[in-house]
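What's in run_30.cif: mmCIF, C-alpha atoms
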data_target
#
loop_
_atom_site.label_atom_id
_atom_site.label_comp_id
_atom_site.auth_asym_id
_atom_site.auth_seq_id
_atom_site.Cartn_x
_atom_site.Cartn_y
_atom_site.Cartn_z
CA MET A 246 0.00 0.00 0.00
CA THR A 247 1.66 3.25 -1.17
CA VAL A 248 0.68 6.48 0.56
CA ASP A 249 1.07 9.97 -0.88
CA PRO A 250 3.37 12.00 1.43
CA ASP A 251 1.03 15.00 1.06
CA ILE A 252 -1.61 13.34 3.25
CA PHE A 253 0.42 14.37 6.30
CA ALA A 254 0.01 18.07 5.57
CA ARG A 255 -2.90 18.20 8.01
CA VAL A 256 -0.91 16.58 10.85
CA PRO A 257 0.71 18.99 13.38
CA ARG A 258 4.33 19.37 12.33
CA SER A 259 5.54 19.36 15.92
CA GLU A 260 4.99 15.61 15.93
CA PHE A 261 7.71 15.24 13.29
CA ASP A 262 10.19 17.98 14.23
CA THR A 263 12.00 16.06 16.96
CA PRO A 264 13.45 12.66 16.03
CA GLY A 265 12.82 9.97 18.60
CA ARG A 266 13.34 6.38 19.41
CA SER A 267 10.68 4.04 18.12
CA GLY A 268 8.44 2.46 20.72
CA GLY A 269 7.59 -0.38 18.35
CA LEU A 270 3.98 -1.49 18.10
CA LEU A 271 3.13 0.59 21.18
CA ASP A 272 3.59 3.69 19.03
CA VAL A 273 0.77 2.50 16.81
CA PHE A 274 -1.65 3.22 19.65
CA ARG A 275 -0.02 6.55 20.46
CA TRP A 276 -0.18 7.62 16.79
CA HIS A 277 -3.66 6.23 16.23
CA TYR A 278 -4.76 9.30 14.27
CA LEU A 279 -2.08 8.52 11.66
CA LEU A 280 -3.20 4.91 11.59
CA ARG A 281 -6.76 6.00 10.80
CA LEU A 282 -5.44 8.31 8.09
CA LEU A 283 -3.35 5.56 6.50
CA VAL A 284 -6.24 3.07 6.58
CA ARG A 285 -8.69 5.58 5.12
CA THR A 286 -6.22 6.49 2.36
CA GLY A 287 -5.52 2.82 1.58
CA VAL A 288 -9.23 2.02 1.36
CA THR A 289 -10.20 5.02 -0.76
CA THR A 290 -7.30 4.69 -3.21
CA ARG A 291 -7.64 0.93 -3.75
CA TYR A 292 -10.12 1.29 -6.61
CA ARG A 293 -9.39 4.85 -7.70
CA ASN A 294 -10.20 5.43 -11.37
CA SER A 295 -11.81 1.98 -11.51
CA VAL A 296 -15.11 1.57 -13.36
CA LEU A 297 -16.35 -1.29 -11.16
CA GLY A 298 -14.91 0.12 -7.93
CA TRP A 299 -15.81 -1.94 -4.86
CA THR A 300 -17.49 -4.51 -7.10
CA TRP A 301 -14.00 -5.98 -7.57
CA SER A 302 -14.09 -7.05 -3.92
CA TYR A 303 -16.86 -9.46 -4.95
CA VAL A 304 -15.72 -10.34 -8.48
CA ARG A 305 -12.25 -11.64 -7.57
CA PRO A 306 -13.27 -14.09 -4.81
CA ALA A 307 -16.31 -15.17 -6.86
CA ALA A 308 -14.10 -15.99 -9.86
CA GLN A 309 -11.60 -17.75 -7.59
CA PHE A 310 -14.40 -19.79 -6.05
CA LEU A 311 -15.87 -20.80 -9.42
CA VAL A 312 -12.50 -21.98 -10.75
CA PHE A 313 -11.79 -24.11 -7.68
CA TRP A 314 -15.33 -25.42 -7.46
CA VAL A 315 -15.53 -26.49 -11.12
CA VAL A 316 -11.99 -27.82 -11.54
CA LEU A 317 -11.40 -29.40 -8.14
CA GLY A 318 -14.92 -30.07 -6.93
CA LEU A 319 -16.54 -31.30 -10.13
CA PHE A 320 -13.71 -32.46 -12.39
CA LEU A 321 -11.32 -33.89 -9.77
CA ASN A 322 -14.12 -34.92 -7.41
CA LEU A 323 -12.54 -33.44 -4.29
CA GLU A 324 -16.02 -32.70 -3.01
CA ARG A 325 -16.65 -36.39 -2.29
CA GLY A 326 -17.74 -36.84 1.29
CA ILE A 327 -18.15 -33.07 1.79
CA SER A 328 -21.78 -31.94 1.77
CA ASN A 329 -22.44 -28.35 0.74
CA TYR A 330 -18.99 -28.24 -0.79
CA ALA A 331 -19.60 -24.74 -2.16
CA ILE A 332 -20.03 -23.31 1.36
CA TYR A 333 -17.09 -25.35 2.64
CA LEU A 334 -14.90 -24.07 -0.17
CA PHE A 335 -15.90 -20.41 -0.01
CA SER A 336 -15.59 -20.17 3.79
CA GLY A 337 -11.98 -21.29 3.41
CA ILE A 338 -11.27 -19.02 0.44
CA VAL A 339 -12.27 -15.85 2.28
CA VAL A 340 -9.87 -16.71 5.12
CA ILE A 341 -7.02 -17.36 2.70
CA ASN A 342 -7.77 -14.10 0.87
CA LEU A 343 -7.59 -12.14 4.12
CA PHE A 344 -4.26 -13.71 5.01
CA SER A 345 -2.83 -13.31 1.50
CA GLU A 346 -3.69 -9.63 1.13
CA ALA A 347 -2.65 -8.71 4.68
CA TYR A 348 0.66 -10.61 4.49
CA LYS A 349 1.61 -9.43 1.01
CA ASN A 350 0.70 -5.77 1.58
CA ALA A 351 2.44 -5.66 4.97
CA THR A 352 5.59 -7.08 3.36
CA THR A 353 5.70 -4.35 0.70
CA SER A 354 4.44 -1.52 2.93
CA ILE A 355 7.86 -0.06 3.82
CA VAL A 356 9.24 -0.17 0.29
CA GLY A 357 5.96 1.17 -1.06
CA ASN A 358 6.17 4.17 1.26
CA ALA A 359 9.87 4.85 0.78
CA ALA A 360 9.27 8.58 0.22
CA LEU A 361 7.74 8.96 3.68
CA VAL A 362 10.31 6.78 5.40
CA ARG A 363 13.15 8.90 4.00
CA LYS A 364 11.58 12.28 4.73
CA VAL A 365 9.93 12.18 8.17
CA TYR A 366 10.12 10.32 11.43
CA LEU A 367 7.11 8.22 12.30
CA PRO A 368 6.69 4.69 13.60
CA ARG A 369 7.37 2.52 10.56
CA GLN A 370 5.17 -0.23 12.00
CA LEU A 371 2.22 1.99 11.14
CA PHE A 372 2.54 1.01 7.48
CA ALA A 373 2.37 -2.72 8.15
CA VAL A 374 -0.47 -2.38 10.66
CA SER A 375 -2.49 -0.15 8.33
CA ALA A 376 -1.95 -2.63 5.48
CA VAL A 377 -3.45 -5.40 7.63
CA PHE A 378 -6.46 -3.24 8.53
CA VAL A 379 -6.99 -2.29 4.89
CA ALA A 380 -6.99 -5.99 4.01
CA PHE A 381 -9.60 -6.53 6.74
CA VAL A 382 -11.84 -3.83 5.23
CA HIS A 383 -11.61 -5.50 1.81
CA PHE A 384 -12.36 -8.83 3.47
CA LEU A 385 -15.71 -7.63 4.81
CA PRO A 386 -17.63 -7.75 1.48
CA GLN A 387 -16.47 -11.33 0.97
CA VAL A 388 -17.58 -12.52 4.39
CA ALA A 389 -20.84 -10.60 3.93
CA LEU A 390 -21.48 -12.55 0.72
CA LEU A 391 -20.74 -15.82 2.55
CA LEU A 392 -23.11 -14.81 5.35
CA ILE A 393 -25.93 -13.99 2.93
CA VAL A 394 -25.69 -17.39 1.26
CA CYS A 395 -25.61 -19.14 4.64
CA LEU A 396 -28.68 -17.18 5.79
CA PHE A 397 -30.62 -18.53 2.81
CA LEU A 398 -29.62 -22.05 3.93
CA GLY A 399 -30.98 -21.52 7.44
CA TRP A 400 -27.78 -20.49 9.18
CA ILE A 401 -29.59 -18.22 11.62
CA MET A 402 -31.52 -21.19 13.03
CA HIS A 403 -28.41 -23.12 14.02
CA ILE A 404 -25.84 -20.58 15.16
CA SER A 405 -24.64 -20.28 18.73
CA ILE A 406 -22.40 -18.03 20.79
CA LEU A 407 -19.57 -20.43 20.00
CA SER A 408 -20.10 -19.84 16.27
CA ILE A 409 -19.76 -16.07 16.71
CA LEU A 410 -16.69 -16.52 18.89
CA ALA A 411 -15.18 -18.83 16.26
CA ILE A 412 -15.56 -16.11 13.60
CA VAL A 413 -13.95 -13.47 15.80
CA ALA A 414 -11.15 -15.83 16.83
CA ALA A 415 -10.40 -16.81 13.22
CA ILE A 416 -10.18 -13.19 12.06
CA ALA A 417 -8.00 -12.15 14.99
CA LEU A 418 -5.75 -15.18 14.50
CA ILE A 419 -5.19 -14.47 10.81
CA MET A 420 -4.55 -10.75 11.35
CA LEU A 421 -2.03 -11.36 14.14
CA PHE A 422 -0.21 -14.05 12.16
CA ALA A 423 -0.17 -11.99 8.95
CA LEU A 424 1.08 -8.91 10.81
CA GLY A 425 3.89 -10.86 12.45
CA LEU A 426 5.03 -12.33 9.16
CA GLY A 427 4.52 -8.97 7.41
CA LEU A 428 6.77 -7.17 9.90
CA LEU A 429 9.44 -9.85 9.55
CA PHE A 430 9.48 -10.02 5.75
CA GLY A 431 8.76 -6.30 5.36
CA ALA A 432 11.92 -5.44 7.29
CA VAL A 433 14.03 -7.94 5.33
CA ASN A 434 12.48 -6.75 2.05
CA VAL A 435 13.97 -3.28 2.47
CA ARG A 436 17.48 -4.70 2.08
CA TYR A 437 16.78 -7.86 0.08
CA ARG A 438 13.93 -7.64 -2.41
CA ASP A 439 14.01 -11.42 -2.72
CA ALA A 440 11.65 -11.38 0.27
CA GLU A 441 8.77 -10.43 -2.02
CA ASN A 442 9.38 -13.49 -4.18
CA ILE A 443 9.57 -15.72 -1.12
CA VAL A 444 6.24 -14.32 0.08
CA GLU A 445 4.66 -15.02 -3.31
CA LEU A 446 5.86 -18.62 -3.07
CA LEU A 447 4.57 -19.02 0.49
CA LEU A 448 1.17 -17.63 -0.50
CA LEU A 449 1.02 -20.10 -3.37
CA LEU A 450 1.57 -22.92 -0.87
CA ALA A 451 -0.77 -21.50 1.79
CA THR A 452 -3.95 -22.52 -0.02
CA TRP A 453 -2.79 -26.11 -0.36
CA ALA A 454 -1.25 -26.35 3.11
CA SER A 455 -4.62 -25.75 4.80
CA PRO A 456 -8.00 -27.52 4.40
CA VAL A 457 -9.56 -25.06 1.98
CA LEU A 458 -9.99 -27.32 -1.06
CA TYR A 459 -10.13 -30.63 0.81
CA SER A 460 -11.06 -31.88 4.28
CA TRP A 461 -8.60 -32.31 7.12
CA THR A 462 -9.59 -35.99 7.29
CA MET A 463 -7.89 -36.55 3.92
CA VAL A 464 -4.62 -35.53 5.54
CA GLN A 465 -5.32 -37.88 8.43
CA ASP A 466 -6.08 -40.76 6.05
CA ALA A 467 -2.94 -40.10 4.01
CA ILE A 468 -0.76 -40.09 7.14
CA ASP A 469 -2.32 -43.35 8.36
CA MET A 470 -1.99 -44.99 4.95
CA MET A 471 1.67 -44.05 4.62
CA GLY A 472 2.41 -45.12 8.19
CA TRP A 473 3.83 -41.73 9.06
CA PRO A 474 4.01 -40.59 12.72
CA ARG A 475 0.81 -39.17 14.20
CA TRP A 476 2.49 -35.97 15.31
CA LEU A 477 2.55 -34.84 11.68
CA LEU A 478 -1.23 -34.45 11.83
CA GLU A 479 -0.95 -32.48 15.06
CA LEU A 480 1.68 -30.26 13.46
CA TYR A 481 -0.59 -29.73 10.45
CA LEU A 482 -3.50 -28.72 12.69
CA LEU A 483 -1.29 -26.27 14.61
CA ASN A 484 -0.81 -24.18 11.49
CA PRO A 485 -2.63 -20.89 12.36
CA ILE A 486 -4.08 -20.71 8.85
CA THR A 487 -5.43 -24.26 9.14
CA GLN A 488 -6.97 -23.40 12.49
CA ALA A 489 -8.59 -20.21 11.17
CA VAL A 490 -10.05 -22.09 8.20
CA GLU A 491 -11.48 -24.78 10.47
CA LEU A 492 -12.96 -22.13 12.76
CA PHE A 493 -14.75 -20.62 9.76
CA HIS A 494 -15.95 -24.08 8.75
CA TYR A 495 -17.26 -24.55 12.28
CA ALA A 496 -19.01 -21.17 12.22
CA PHE A 497 -20.48 -21.17 8.70
CA TRP A 498 -20.38 -24.64 7.18
CA TYR A 499 -21.33 -26.96 10.04
CA PRO A 500 -24.55 -25.05 11.00
CA VAL A 501 -26.00 -25.41 7.47
CA THR A 502 -24.78 -28.95 6.77
CA GLN A 503 -25.90 -32.34 7.96
CA THR A 504 -22.55 -34.07 7.88
CA SER A 505 -20.77 -36.96 9.48
CA LEU A 506 -17.41 -35.26 8.97
CA ALA A 507 -15.88 -34.91 12.41
CA LEU A 508 -14.45 -31.72 13.80
CA PRO A 509 -10.66 -31.65 14.09
CA PRO A 510 -9.54 -33.00 17.47
CA ALA A 511 -9.12 -30.45 20.28
CA LEU A 512 -10.46 -27.56 18.19
CA ALA A 513 -10.77 -25.25 21.22
CA LEU A 514 -7.37 -26.17 22.65
CA ASN A 515 -5.70 -25.80 19.27
CA THR A 516 -7.21 -22.33 18.98
CA LEU A 517 -5.34 -21.37 22.14
CA TRP A 518 -2.10 -22.94 20.93
CA THR A 519 -2.29 -21.29 17.51
CA PHE A 520 -2.96 -17.92 19.17
CA LEU A 521 0.25 -18.41 21.13
CA ILE A 522 2.06 -19.27 17.88
CA ALA A 523 0.62 -16.16 16.19
CA VAL A 524 1.65 -13.94 19.12
CA ALA A 525 5.13 -15.48 19.15
CA THR A 526 5.38 -14.79 15.40
CA LEU A 527 4.28 -11.19 16.01
CA LEU A 528 6.87 -10.68 18.76
CA PHE A 529 9.63 -12.20 16.63
CA GLY A 530 8.64 -10.15 13.59
CA GLN A 531 8.57 -7.00 15.72
CA ALA A 532 12.01 -7.78 17.17
CA VAL A 533 13.55 -8.24 13.71
CA PHE A 534 11.76 -5.13 12.44
CA ARG A 535 13.13 -2.96 15.26
CA ARG A 536 16.59 -4.39 14.76
CA LEU A 537 16.63 -3.45 11.07
CA GLU A 538 14.53 -0.27 10.94
CA GLY A 539 17.50 1.98 11.75
CA ARG A 540 18.85 1.40 8.23
CA PHE A 541 15.57 1.70 6.35
CA ALA A 542 16.22 5.26 5.10
CA GLN A 543 19.72 4.39 3.90
CA ASP A 544 18.69 1.13 2.23
CA LEU A 545 15.73 2.74 0.46
#
Can you present the structure in this file as structure tokens?
Amino acid sequence: MTVDPDIFARVPRSEFDTPGRSGGLLDVFRWHYLLRLLVRTGVTTRYRNSVLGWTWSYVRPAAQFLVFWVVLGLFLNLERGISNYAIYLFSGIVVINLFSEAYKNATTSIVGNAALVRKVYLPRQLFAVSAVFVAFVHFLPQVALLLIVCLFLGWIMHISILSILAIVAAIALIMLFALGLGLLFGAVNVRYRDAENIVELLLLLATWASPVLYSWTMVQDAIDMMGWPRWLLELYLLNPITQAVELFHYAFWYPVTQTSLALPPALALNTLWTFLIAVATLLFGQAVFRRLEGRFAQDL
């Protein structure tokens, strides 16, 4: 997300006159007015000079869903044993889209705002955090479309407090994990632009490394058939993206589906563990970011 340096003309200059030591992510709360400005600018400029505008927020995931549904669901028969495969598929796609946009934009946020980084002092974490929030705003139309379809299938009659909590937990988990990785790769990307290519590769693998197109039981069956150790399944389920996808399945797919497909083991406990993994990733990403941010202006 690239921001025009002129947007800071309305901010009191005294905030920028005296250089200071970064307080890390804590500065994001202290400079919350700048965060709002960056998010608003990122949202309003996303579809500038576009004929369809916000319609693209629906067109892209819809096209992505149709391709996967036709090719994988119908042609390759991956939908076998998965009732309401369309809902199962789309509830996973929206989670992956949130992670992909947040992670990718956070990674390129420093390089994309090089003009600001070189000219003024401000917490550089603001760019990564605002990129994640912008991705969340663009995620809302997709989840709204999913919710509308589920409502037609009687979702409202079967939801519970746990379903709502699962939605909130999945979104928070993805945003924390994407921000942590975005800070890490965003800092490295300033010096080594190979980081962007690595992120593209990881995002390509992310869809296939989580149960978006298939069920988690297929992974379990494959591990049992190959005689591999059981801890591989536990490791697979501790992937924060996998956990977020399964939480969305629990919240949207299970209430509208009569299915014998079992929930992943220890879904609630794994949510706690994956939150700890996401927080650890965030702390590590922040540590690397603060270590490298002193050379951002020179490297840019």
Distance criterion (only C-alpha atoms): nearest to Gln503 of chain A out of A:Leu398, A:Leu385, A:Met420, A:Val315: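 Under the stated criterion, the closest residue is A:Leu398.
Atom CA of Met402 of chain A sits 22.7 Å away from atom CA of Val339 of chain A.
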The PyMOL selection byres ((chain A and resi 355) around 8) - which residues does that actually catch in the file I just gave you? List them as a tab-separated table (two decimals) with C-alpha atoms, in the coordinates of the input.
chain	number	residue	atom	x	y	z
A	351	ALA	CA	2.44	-5.66	4.97
A	352	THR	CA	5.59	-7.08	3.36
A	353	THR	CA	5.70	-4.35	0.70
A	354	SER	CA	4.44	-1.52	2.93
A	356	VAL	CA	9.24	-0.17	0.29
A	357	GLY	CA	5.96	1.17	-1.06
A	358	ASN	CA	6.17	4.17	1.26
A	359	ALA	CA	9.87	4.85	0.78
A	362	VAL	CA	10.31	6.78	5.40
A	369	ARG	CA	7.37	2.52	10.56
A	372	PHE	CA	2.54	1.01	7.48
A	373	ALA	CA	2.37	-2.72	8.15
A	431	GLY	CA	8.76	-6.30	5.36
A	432	ALA	CA	11.92	-5.44	7.29
A	435	VAL	CA	13.97	-3.28	2.47
What's around Phe310 of chain A at 10 Å? Count only C-alpha atoms, leave out sequence neighbours fewer than 2 positions away in its own chain, and write the answer as a PDB file with C-alpha atoms, keeping the file's coordinate frame.
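The file below, around.pdb, is the result:
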ATOM      1  CA  VAL A 304     -15.720 -10.340  -8.480  1.00  0.00           C
ATOM      2  CA  ARG A 305     -12.250 -11.640  -7.570  1.00  0.00           C
ATOM      3  CA  PRO A 306     -13.270 -14.090  -4.810  1.00  0.00           C
ATOM      4  CA  ALA A 307     -16.310 -15.170  -6.860  1.00  0.00           C
ATOM      5  CA  ALA A 308     -14.100 -15.990  -9.860  1.00  0.00           C
ATOM      6  CA  VAL A 312     -12.500 -21.980 -10.750  1.00  0.00           C
ATOM      7  CA  PHE A 313     -11.790 -24.110  -7.680  1.00  0.00           C
ATOM      8  CA  TRP A 314     -15.330 -25.420  -7.460  1.00  0.00           C
ATOM      9  CA  VAL A 315     -15.530 -26.490 -11.120  1.00  0.00           C
ATOM     10  CA  ALA A 331     -19.600 -24.740  -2.160  1.00  0.00           C
ATOM     11  CA  ILE A 332     -20.030 -23.310   1.360  1.00  0.00           C
ATOM     12  CA  LEU A 334     -14.900 -24.070  -0.170  1.00  0.00           C
ATOM     13  CA  PHE A 335     -15.900 -20.410  -0.010  1.00  0.00           C
ATOM     14  CA  SER A 336     -15.590 -20.170   3.790  1.00  0.00           C
ATOM     15  CA  GLY A 337     -11.980 -21.290   3.410  1.00  0.00           C
ATOM     16  CA  ILE A 338     -11.270 -19.020   0.440  1.00  0.00           C
ATOM     17  CA  VAL A 339     -12.270 -15.850   2.280  1.00  0.00           C
TER      18      VAL A 339
END
Test item: the PyMOL selection byres ((chain A and resi 408) around 10) resolved as JSON, numbers by chain: {"A": [403, 404, 405, 406, 407, 409, 410, 411, 412, 413, 414, 492, 493, 494, 495, 496, 497, 499, 500]}
Selection to disk with C-alpha atoms, as a PDB file, in the coordinates of the input:
ATOM      1  CA  HIS A 403     -28.410 -23.120  14.020  1.00  0.00           C
ATOM      2  CA  ILE A 404     -25.840 -20.580  15.160  1.00  0.00           C
ATOM      3  CA  SER A 405     -24.640 -20.280  18.730  1.00  0.00           C
ATOM      4  CA  ILE A 406     -22.400 -18.030  20.790  1.00  0.00           C
ATOM      5  CA  LEU A 407     -19.570 -20.430  20.000  1.00  0.00           C
ATOM      6  CA  ILE A 409     -19.760 -16.070  16.710  1.00  0.00           C
ATOM      7  CA  LEU A 410     -16.690 -16.520  18.890  1.00  0.00           C
ATOM      8  CA  ALA A 411     -15.180 -18.830  16.260  1.00  0.00           C
ATOM      9  CA  ILE A 412     -15.560 -16.110  13.600  1.00  0.00           C
ATOM     10  CA  VAL A 413     -13.950 -13.470  15.800  1.00  0.00           C
ATOM     11  CA  ALA A 414     -11.150 -15.830  16.830  1.00  0.00           C
ATOM     12  CA  LEU A 492     -12.960 -22.130  12.760  1.00  0.00           C
ATOM     13  CA  PHE A 493     -14.750 -20.620   9.760  1.00  0.00           C
ATOM     14  CA  HIS A 494     -15.950 -24.080   8.750  1.00  0.00           C
ATOM     15  CA  TYR A 495     -17.260 -24.550  12.280  1.00  0.00           C
ATOM     16  CA  ALA A 496     -19.010 -21.170  12.220  1.00  0.00           C
ATOM     17  CA  PHE A 497     -20.480 -21.170   8.700  1.00  0.00           C
ATOM     18  CA  TYR A 499     -21.330 -26.960  10.040  1.00  0.00           C
ATOM     19  CA  PRO A 500     -24.550 -25.050  11.000  1.00  0.00           C
TER      20      PRO A 500
END
